[in-house]
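Colleague: Contents of coords_2.txt (compact mmCIF, C-alpha atoms):
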# COMPACT_ATOMS: atom_id res chain seq x y z
CA MET S 29 -89.47 -107.63 -5.82
CA HIS S 30 -91.38 -106.90 -2.63
CA ALA S 31 -90.58 -104.08 -0.22
CA LEU S 32 -92.06 -103.85 3.24
CA VAL S 33 -93.06 -100.29 4.22
CA VAL S 34 -93.53 -100.00 7.97
CA ASP S 35 -94.85 -96.74 9.41
CA ASP S 36 -97.75 -95.88 11.69
CA SER S 37 -98.64 -92.96 9.42
CA ARG S 38 -100.72 -93.94 6.43
CA ALA S 39 -99.62 -90.77 4.67
CA MET S 40 -95.97 -91.68 5.11
CA ARG S 41 -96.58 -95.26 3.95
CA ARG S 42 -98.26 -93.84 0.87
CA ILE S 43 -95.36 -91.48 0.20
CA VAL S 44 -92.70 -94.17 0.58
CA SER S 45 -94.70 -96.64 -1.51
CA SER S 46 -95.16 -94.07 -4.25
CA ILE S 47 -91.39 -93.63 -4.41
CA LEU S 48 -90.66 -97.37 -4.41
CA SER S 49 -93.21 -98.45 -7.02
CA PRO S 50 -91.65 -96.65 -10.02
CA LEU S 51 -88.30 -98.10 -8.97
CA GLY S 52 -89.61 -101.61 -9.52
CA PHE S 53 -90.70 -102.58 -6.02
CA THR S 54 -94.03 -104.01 -4.98
CA PRO S 55 -94.76 -102.29 -1.65
CA VAL S 56 -96.43 -104.17 1.18
CA GLU S 57 -97.52 -101.88 3.99
CA ALA S 58 -97.64 -102.42 7.75
CA ASP S 59 -98.57 -99.94 10.47
CA HIS S 60 -96.19 -101.17 13.18
CA GLY S 61 -93.56 -103.78 13.90
CA ALA S 62 -95.94 -106.56 14.89
CA THR S 63 -98.02 -106.30 11.73
CA ALA S 64 -94.79 -106.09 9.75
CA LEU S 65 -93.65 -109.42 11.21
CA ALA S 66 -97.01 -110.93 10.32
CA GLU S 67 -96.65 -109.67 6.75
CA LEU S 68 -93.12 -111.04 6.62
CA GLU S 69 -94.36 -114.45 7.72
CA ARG S 70 -97.12 -114.33 5.11
CA LEU S 71 -94.79 -113.30 2.30
CA THR S 72 -92.20 -115.87 3.35
CA ALA S 73 -94.83 -118.61 3.32
CA ASP S 74 -95.66 -117.54 -0.23
CA GLY S 75 -91.99 -117.69 -1.20
CA GLN S 76 -91.84 -113.92 -1.61
CA VAL S 77 -89.41 -112.71 1.02
CA PRO S 78 -89.02 -108.94 0.58
CA VAL S 79 -85.66 -107.64 -0.53
CA LEU S 80 -86.16 -104.41 1.39
CA ALA S 81 -87.88 -103.13 4.51
CA CYS S 82 -88.25 -99.38 5.12
CA VAL S 83 -88.85 -99.03 8.83
CA ASP S 84 -90.01 -96.07 10.89
CA TRP S 85 -88.66 -95.88 14.44
CA ASN S 86 -91.43 -94.49 16.65
CA MET S 87 -94.50 -96.67 16.32
CA PRO S 88 -97.04 -98.12 18.73
CA VAL S 89 -97.11 -101.82 19.69
CA MET S 90 -93.63 -102.65 18.36
CA ASP S 91 -91.20 -99.93 17.39
CA GLY S 92 -88.77 -99.96 14.52
CA LEU S 93 -85.70 -100.82 16.54
CA GLN S 94 -87.45 -103.86 17.99
CA LEU S 95 -88.54 -104.86 14.50
CA VAL S 96 -85.03 -104.58 13.10
CA SER S 97 -83.72 -106.73 15.93
CA ALA S 98 -86.44 -109.32 15.38
CA ILE S 99 -85.76 -109.54 11.66
CA ARG S 100 -82.02 -109.82 12.16
CA ALA S 101 -82.57 -112.62 14.69
CA ASP S 102 -84.32 -114.81 12.11
CA ARG S 103 -82.11 -116.49 9.55
CA ARG S 104 -84.96 -116.71 7.04
CA TRP S 105 -84.74 -112.95 6.64
CA ARG S 106 -80.98 -112.50 6.60
CA ASP S 107 -81.10 -111.19 3.02
CA VAL S 108 -83.70 -108.52 3.75
CA THR S 109 -82.08 -105.09 3.49
CA LEU S 110 -83.23 -102.87 6.32
CA MET S 111 -83.46 -99.11 5.97
CA MET S 112 -84.61 -96.96 8.86
CA VAL S 113 -86.79 -94.04 7.71
CA THR S 114 -87.29 -91.86 10.71
CA THR S 115 -87.08 -88.47 12.39
CA GLU S 116 -84.62 -89.95 14.91
CA SER S 117 -81.59 -88.17 13.54
CA GLU S 118 -79.17 -88.00 16.46
CA HIS S 119 -75.87 -89.73 15.87
CA SER S 120 -76.43 -91.95 18.90
CA GLN S 121 -79.72 -93.19 17.47
CA ILE S 122 -78.20 -93.91 14.08
CA VAL S 123 -75.48 -95.93 15.80
CA ARG S 124 -78.11 -97.88 17.75
CA ALA S 125 -80.04 -98.72 14.61
CA LEU S 126 -76.98 -99.79 12.67
CA ALA S 127 -75.81 -101.87 15.64
CA ALA S 128 -79.19 -103.59 15.72
CA GLY S 129 -78.78 -104.56 12.10
CA ALA S 130 -80.07 -101.76 9.92
CA HIS S 131 -78.12 -101.27 6.70
CA GLU S 132 -79.05 -97.70 5.92
CA TYR S 133 -80.65 -94.69 7.51
CA LEU S 134 -82.86 -92.04 5.94
CA ILE S 135 -83.95 -89.06 7.99
CA LYS S 136 -87.38 -87.47 7.62
CA PRO S 137 -88.00 -85.18 5.88
CA PHE S 138 -86.41 -86.63 2.78
CA THR S 139 -86.84 -86.34 -0.95
CA ALA S 140 -87.65 -89.05 -3.46
CA ASP S 141 -84.20 -88.56 -4.94
CA ALA S 142 -82.57 -89.09 -1.55
CA MET S 143 -84.38 -92.39 -1.10
CA ALA S 144 -83.50 -93.50 -4.62
CA ASP S 145 -79.87 -92.64 -3.98
CA LYS S 146 -79.84 -94.77 -0.85
CA LEU S 147 -81.36 -97.70 -2.73
CA ARG S 148 -78.84 -97.32 -5.52
CA TYR S 149 -76.04 -97.30 -2.98
CA LEU S 150 -77.46 -100.49 -1.50
CA GLY S 151 -77.48 -102.08 -4.93
CA LEU S 152 -81.24 -102.53 -4.96
CA VAL S 153 -81.90 -100.18 -7.85
CA PRO S 154 -79.92 -99.98 -11.08
CA ALA S 155 -78.08 -96.68 -11.37
CA ALA S 156 -79.92 -95.77 -14.54
CA VAL S 157 -83.27 -96.09 -12.79
CA ALA S 158 -82.32 -94.28 -9.62
CA SER S 159 -80.67 -91.29 -11.22
CA MET H 24 -90.21 -64.93 17.31
CA SER H 25 -90.41 -65.90 20.93
CA THR H 26 -92.08 -64.76 24.07
CA ALA H 27 -90.47 -64.09 27.38
CA THR H 28 -90.48 -66.74 30.07
CA GLY H 29 -91.61 -66.37 33.65
CA ASP H 30 -90.40 -68.61 36.44
CA LEU H 31 -90.15 -71.67 34.22
CA PRO H 32 -86.92 -72.68 32.52
CA ALA H 33 -86.50 -70.54 29.46
CA LEU H 34 -87.45 -72.61 26.44
CA ALA H 35 -86.09 -69.88 24.24
CA ASP H 36 -82.64 -70.60 25.67
CA HIS H 37 -82.85 -74.08 24.15
CA VAL H 38 -85.20 -73.70 21.22
CA ASP H 39 -84.37 -71.18 18.54
CA PRO H 40 -87.56 -69.99 16.81
CA ALA H 41 -85.61 -69.60 13.59
CA VAL H 42 -84.76 -73.30 13.74
CA VAL H 43 -88.42 -74.17 14.30
CA VAL H 44 -89.29 -72.14 11.22
CA GLU H 45 -86.51 -73.72 9.17
CA LEU H 46 -87.32 -77.32 9.98
CA THR H 47 -91.06 -76.77 9.49
CA GLN H 48 -90.30 -75.29 6.09
CA ALA H 49 -88.16 -78.33 5.27
CA VAL H 50 -90.95 -80.74 6.21
CA TRP H 51 -93.42 -78.76 4.11
CA ALA H 52 -91.18 -78.62 1.10
CA SER H 53 -90.54 -82.36 1.19
CA PHE H 54 -94.02 -83.69 1.75
CA VAL H 55 -96.67 -81.03 1.38
CA ASP H 56 -95.97 -78.31 -1.11
CA ALA H 57 -92.67 -77.65 -2.82
CA GLU H 58 -94.32 -75.17 -5.17
CA VAL H 59 -95.64 -72.77 -2.58
CA GLU H 60 -93.14 -71.85 0.08
CA LEU H 61 -93.98 -71.91 3.73
CA LEU H 62 -93.07 -68.36 4.68
CA GLU H 63 -92.25 -67.04 8.09
CA ARG H 64 -94.61 -64.34 9.26
CA TRP H 65 -94.26 -62.00 12.18
CA ASP H 66 -97.78 -61.91 13.52
CA VAL H 67 -99.34 -64.82 15.35
CA PRO H 68 -102.55 -65.87 13.58
CA GLY H 69 -105.73 -65.29 15.53
CA ALA H 70 -108.60 -67.69 15.93
CA ASP H 71 -110.35 -66.14 12.94
CA GLU H 72 -107.45 -67.27 10.77
CA LEU H 73 -107.63 -70.81 12.08
CA PRO H 74 -111.33 -71.72 11.93
CA ASP H 75 -112.15 -75.28 12.95
CA PRO H 76 -108.52 -75.74 13.91
CA VAL H 77 -106.81 -79.10 13.69
CA VAL H 78 -103.96 -79.32 16.15
CA GLY H 79 -101.21 -81.91 16.15
CA ARG H 80 -99.26 -82.53 19.33
CA VAL H 81 -96.13 -84.46 20.13
CA ASP H 82 -94.19 -84.57 23.39
CA ILE H 83 -90.45 -84.35 23.82
CA VAL H 84 -89.44 -85.97 27.07
CA GLY H 85 -86.11 -85.45 28.76
CA ALA H 86 -84.17 -82.79 30.58
CA LEU H 87 -86.29 -80.24 28.78
CA ASP H 88 -89.85 -81.58 28.83
CA ALA H 89 -91.67 -79.85 26.01
CA VAL H 90 -94.71 -80.22 23.83
CA VAL H 91 -94.84 -79.25 20.18
CA HIS H 92 -98.12 -78.18 18.62
CA VAL H 93 -98.78 -77.64 14.94
CA ALA H 94 -102.10 -75.91 14.32
CA LEU H 95 -103.88 -74.99 11.14
CA ALA H 96 -107.42 -74.36 9.98
CA GLY H 97 -109.57 -77.36 9.20
CA GLU H 98 -109.67 -76.46 5.50
CA ALA H 99 -105.89 -76.17 5.44
CA ALA H 100 -105.51 -79.51 7.20
CA ARG H 101 -107.68 -81.15 4.55
CA GLU H 102 -105.55 -79.63 1.82
CA LEU H 103 -102.44 -80.80 3.62
CA ALA H 104 -103.80 -84.35 3.79
CA ALA H 105 -104.81 -84.26 0.12
CA ARG H 106 -101.30 -83.25 -0.91
CA MET H 107 -99.54 -85.80 1.30
CA LEU H 108 -101.77 -88.65 0.20
CA GLY H 109 -102.09 -87.61 -3.43
CA LEU H 110 -105.86 -87.37 -3.17
CA GLY H 111 -108.44 -84.98 -4.53
CA ALA H 112 -109.89 -82.54 -2.03
CA ASP H 113 -113.23 -84.36 -2.06
CA GLU H 114 -111.55 -87.71 -1.44
CA VAL H 115 -109.99 -86.78 1.89
CA ALA H 116 -111.48 -88.54 4.90
CA VAL H 117 -111.28 -87.48 8.51
CA ASP H 118 -108.75 -90.25 9.18
CA ASP H 119 -106.54 -88.79 6.45
CA VAL H 120 -106.62 -85.35 8.08
CA LEU H 121 -105.70 -86.82 11.46
CA ASP H 122 -102.95 -88.96 10.04
CA ALA H 123 -101.36 -86.26 7.91
CA THR H 124 -101.47 -83.62 10.64
CA GLY H 125 -100.05 -86.09 13.12
CA GLU H 126 -97.19 -87.06 10.84
CA ILE H 127 -96.29 -83.45 10.09
CA THR H 128 -96.23 -82.77 13.82
CA ASN H 129 -94.13 -85.88 14.36
CA MET H 130 -91.53 -84.72 11.86
CA VAL H 131 -91.38 -81.20 13.25
CA GLY H 132 -91.09 -82.54 16.79
CA GLY H 133 -88.57 -85.21 15.87
CA ASN H 134 -86.30 -82.77 14.12
CA LEU H 135 -86.59 -80.32 16.97
CA LYS H 136 -85.64 -83.07 19.42
CA ALA H 137 -82.52 -83.67 17.39
CA VAL H 138 -81.26 -80.15 17.99
CA LEU H 139 -81.73 -80.43 21.75
CA ALA H 140 -79.24 -82.08 24.05
CA ASP H 141 -79.01 -85.87 23.95
CA ASP H 142 -81.24 -88.14 25.99
CA HIS H 143 -84.54 -86.66 24.87
CA ARG H 144 -87.23 -89.00 23.65
CA LEU H 145 -90.11 -88.35 21.28
CA GLY H 146 -93.64 -89.43 22.07
CA LEU H 147 -96.22 -90.56 19.57
CA PRO H 148 -98.19 -87.80 17.85
CA ALA H 149 -101.80 -87.11 18.66
CA VAL H 150 -104.34 -84.75 17.13
CA THR H 151 -106.50 -82.71 19.44
CA ALA H 152 -110.18 -81.99 19.14
CA PRO H 153 -111.19 -79.04 16.99
CA GLY H 154 -111.46 -75.80 18.84
CA LEU H 155 -108.48 -76.44 21.06
CA LEU H 156 -105.90 -74.00 19.82
CA PRO H 157 -102.58 -74.17 21.61
CA GLY H 158 -102.12 -71.17 23.82
CA THR H 159 -99.51 -68.59 23.06
CA THR H 160 -98.66 -67.89 26.64
CA SER H 161 -95.57 -66.58 28.29
CA GLY H 162 -92.69 -69.00 28.08
CA GLU H 163 -93.59 -70.49 24.75
CA VAL H 164 -91.60 -70.39 21.58
CA VAL H 165 -93.90 -69.48 18.74
CA ALA H 166 -93.34 -69.73 15.02
CA ALA H 167 -96.02 -68.44 12.68
CA LEU H 168 -95.89 -69.32 9.01
CA GLN H 169 -97.90 -68.68 5.89
CA TRP H 170 -98.79 -71.40 3.37
CA GLY H 171 -100.52 -69.75 0.45
CA GLU H 172 -103.71 -68.39 1.98
CA HIS H 173 -103.37 -70.54 5.08
CA ALA H 174 -101.73 -69.72 8.40
CA VAL H 175 -99.73 -72.37 10.25
CA LEU H 176 -98.88 -72.02 13.91
CA VAL H 177 -96.10 -74.00 15.57
CA THR H 178 -95.63 -73.65 19.31
CA VAL H 179 -93.15 -75.22 21.67
CA SER H 180 -94.22 -75.03 25.29
CA HIS H 181 -93.53 -76.63 28.60
CA ALA H 182 -95.20 -80.00 28.86
CA GLU H 183 -98.25 -80.30 31.00
CA PRO H 184 -99.46 -83.59 32.45
CA VAL H 185 -102.50 -83.81 30.24
CA HIS H 186 -103.87 -86.80 28.42
CA LEU H 187 -104.49 -86.31 24.73
CA PRO H 188 -106.51 -89.02 23.07
CA ARG H 189 -105.16 -90.87 20.10
CA PRO H 190 -106.51 -89.61 16.77
CA THR H 191 -109.02 -92.41 16.46
CA GLU H 192 -110.77 -91.11 19.55
CA HIS H 193 -111.55 -87.88 17.73
CA LYS H 194 -112.88 -89.09 14.44
CA ASP H 195 -116.47 -88.21 15.20
CA SER H 196 -115.73 -84.71 16.43
CA LEU H 197 -113.72 -83.87 13.33
CA SER H 198 -116.25 -85.05 10.79
Let me see the structure of the file written as structure tokens.

Modeller:
Amino acid sequence: MHALVVDDSRAMRRIVSSILSPLGFTPVEADHGATALAELERLTADGQVPVLACVDWNMPVMDGLQLVSAIRADRRWRDVTLMMVTTESEHSQIVRALAAGAHEYLIKPFTADAMADKLRYLGLVPAAVAS
Amino acid sequence: MSTATGDLPALADHVDPAVVVELTQAVWASFVDAEVELLERWDVPGADELPDPVVGRVDIVGALDAVVHVALAGEAARELAARMLGLGADEVAVDDVLDATGEITNMVGGNLKAVLADDHRLGLPAVTAPGLLPGTTSGEVVAALQWGEHAVLVTVSHAEPVHLPRPTEHKDSLS
């Protein structure tokens, strides 16, 4: 069960990956939207489309909102659950992300429990594991 | 704590130093050190408390153009990186210090942007060369905090049209 972790901060990718791994995910990291799309193509070619993508908003090259839109525009990735993980916490930004196709929104800073709760809510983690 | 403003728009009218302290503490507790609290202190740390300083910067662009700096001593920045990345102190590379300091600054700046009026945008974080402490001049909002033995300085000042290199441009000078 692959999960794409997209953030331009290596520290944040490490933190998110360290939360996802014990929950049963195999994290695949990308440092911006363009590299994330390349990883998606690679995983898809291998028949391993991720079930989840955790996407930062502010990144160089291709930002998270552009990435969400690109993923939603491709039918091959319609089953990928998209969760924004970002400091962009204004209501207007959350609305923009959800309108673009994100399923959930997690505001930095967050706790491991908060992320697990979101994943449980999304049905990606059994309740017994997430709690 | 805050300083008085001169002719410039009063940042302190828009940025509450207590909020800066609170959101910095929240970032620290989540990603750096939940065991040791980041405590507000009432004296601004001097240069002798921030040797070989590592300074993160992120810009907030909008009606209130501002720049957020997070500064800490080089040793503290290495410890910060070690904690965020789950590494031993001797395993931390310069890139790790730049990345961790930049991300902390990004989170502080991003959360501060959220408490301002709408239509502000956040830039990408950068980390300045060592030795460039942010000034604590008139018009700035200053929050000083204590992390164990380390001082942490967060300033919010009016943006200046300066170019700050991306972290990769500073790797050599930080090693």

Colleague: Return as an mmCIF file with C-alpha atoms, keeping the file's coordinate frame the residues belonging to chain H that are within 10 Å of chain S, counting all atoms listed in the file.

Modeller:
data_model
loop_
_atom_site.group_PDB
_atom_site.id
_atom_site.type_symbol
_atom_site.label_atom_id
_atom_site.label_comp_id
_atom_site.auth_asym_id
_atom_site.auth_seq_id
_atom_site.Cartn_x
_atom_site.Cartn_y
_atom_site.Cartn_z
ATOM 1 C CA LEU H 46 -87.320 -77.320 9.980
ATOM 2 C CA THR H 47 -91.060 -76.770 9.490
ATOM 3 C CA ALA H 49 -88.160 -78.330 5.270
ATOM 4 C CA VAL H 50 -90.950 -80.740 6.210
ATOM 5 C CA TRP H 51 -93.420 -78.760 4.110
ATOM 6 C CA ALA H 52 -91.180 -78.620 1.100
ATOM 7 C CA SER H 53 -90.540 -82.360 1.190
ATOM 8 C CA PHE H 54 -94.020 -83.690 1.750
ATOM 9 C CA ALA H 104 -103.800 -84.350 3.790
ATOM 10 C CA ALA H 105 -104.810 -84.260 0.120
ATOM 11 C CA ARG H 106 -101.300 -83.250 -0.910
ATOM 12 C CA MET H 107 -99.540 -85.800 1.300
ATOM 13 C CA LEU H 108 -101.770 -88.650 0.200
ATOM 14 C CA GLY H 109 -102.090 -87.610 -3.430
ATOM 15 C CA ASP H 118 -108.750 -90.250 9.180
ATOM 16 C CA ASP H 119 -106.540 -88.790 6.450
ATOM 17 C CA VAL H 120 -106.620 -85.350 8.080
ATOM 18 C CA LEU H 121 -105.700 -86.820 11.460
ATOM 19 C CA ASP H 122 -102.950 -88.960 10.040
ATOM 20 C CA ALA H 123 -101.360 -86.260 7.910
ATOM 21 C CA THR H 124 -101.470 -83.620 10.640
ATOM 22 C CA GLY H 125 -100.050 -86.090 13.120
ATOM 23 C CA GLU H 126 -97.190 -87.060 10.840
ATOM 24 C CA ILE H 127 -96.290 -83.450 10.090
ATOM 25 C CA ASN H 129 -94.130 -85.880 14.360
ATOM 26 C CA MET H 130 -91.530 -84.720 11.860
ATOM 27 C CA VAL H 131 -91.380 -81.200 13.250
ATOM 28 C CA GLY H 132 -91.090 -82.540 16.790
ATOM 29 C CA GLY H 133 -88.570 -85.210 15.870
ATOM 30 C CA ASN H 134 -86.300 -82.770 14.120
ATOM 31 C CA LEU H 135 -86.590 -80.320 16.970
ATOM 32 C CA LYS H 136 -85.640 -83.070 19.420
ATOM 33 C CA ALA H 137 -82.520 -83.670 17.390
ATOM 34 C CA VAL H 138 -81.260 -80.150 17.990
ATOM 35 C CA LEU H 139 -81.730 -80.430 21.750
ATOM 36 C CA ALA H 140 -79.240 -82.080 24.050
ATOM 37 C CA ASP H 141 -79.010 -85.870 23.950
ATOM 38 C CA ASP H 142 -81.240 -88.140 25.990
ATOM 39 C CA ARG H 144 -87.230 -89.000 23.650
ATOM 40 C CA LEU H 145 -90.110 -88.350 21.280
ATOM 41 C CA GLY H 146 -93.640 -89.430 22.070
ATOM 42 C CA LEU H 147 -96.220 -90.560 19.570
ATOM 43 C CA PRO H 148 -98.190 -87.800 17.850
#

Colleague: Leaving out Asp107 in chain S and any residue of its chain fewer than 4 positions from it, which residues lie within 10 Å of it when counting all atoms listed in the file, given as a PyMOL selection string?

Modeller: chain S and resi 77-80+99-100+103

Colleague: Create the file for the chosen residues now, containing C-alpha atoms and written as a compact mmCIF listing (two decimals), in the coordinates of the input.

Modeller:
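This is the output file out12.txt:
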# COMPACT_ATOMS: atom_id res chain seq x y z
CA VAL S 77 -89.41 -112.71 1.02
CA PRO S 78 -89.02 -108.94 0.58
CA VAL S 79 -85.66 -107.64 -0.53
CA LEU S 80 -86.16 -104.41 1.39
CA ILE S 99 -85.76 -109.54 11.66
CA ARG S 100 -82.02 -109.82 12.16
CA ARG S 103 -82.11 -116.49 9.55

Colleague: Using all atoms listed in the file, which protein or nucleic acid residues come within 7 Å of Val56 in chain S? Drop anything in the same chain fewer than 3 positions from it, and give the result as a list of chain:residue names.

Modeller: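 So the residues in contact are S:His30, S:Ala31, S:Leu32, S:Val33.
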
Colleague: Expressed in Å to a single decimal, how great is the separation between CA of Met29 in chain S and CA of Leu48 in chain S?

Modeller: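 The value is 10.4 Å.
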
Colleague: Distance CA of Leu93 in chain S-CA of Val153 in chain S, one decimal place?

Modeller: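 Separating CA of Leu93 in chain S from CA of Val153 in chain S is a distance of 24.7 Å.
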
Colleague: For Ala81 in chain S, which residue out of S:Leu68, S:Thr109, S:Pro55, S:Ala101 is the nearest one, using only C-alpha atoms?

Modeller: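 That would be S:Thr109, the residue with the smallest distance to Ala81 in chain S.
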
Colleague: Go through H:Leu176, H:Ala149, H:Leu87, H:Ala167 one by one, measure the shortest atom-to-atom distance of each to Asp36 in chain H using only C-alpha atoms, and give the residue with the smallest value.

Modeller: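 Between H:Leu176, H:Ala149, H:Leu87, H:Ala167, the residue approaching Asp36 in chain H most closely is H:Leu87.
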
Colleague: Mind giving me the straight-line distance from CA of His181 in chain H to CA of Val77 in chain H in Å, one decimal?

Modeller: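 CA of His181 in chain H sits 20.1 Å away from CA of Val77 in chain H.
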
Colleague: Considering all atoms listed in the file, return as a VMD selection string whatever protein or nucleic-acid residues lie within 10 Å of Val123 in chain S, sequence-local ones (same chain, fewer than 6 positions apart) excluded.

Modeller: chain S and resid 129 to 130 133

Colleague: Excluding Val78 in chain H and residues on its chain fewer than 3 positions from it, collect all residues at most 7 Å away from it, counting all atoms listed in the file, and give them as an NGL selection string.

Modeller: :H and (92-95 or 150-151 or 156)

Colleague: Do a neighbour search on Asp71 in chain H at 12 Å with all atoms listed in the file, toss out local chain neighbours closer than 3 positions, and write the hits as a ChimeraX atom specification.

Modeller: /H:67-68,74-76,95-97,154,156,173-174

Colleague: Of the residues H:Val84, H:Ala116, H:Ala89, H:Leu73, which is the one nearest to Glu172 in chain H, using only C-alpha atoms?

Modeller: H:Leu73
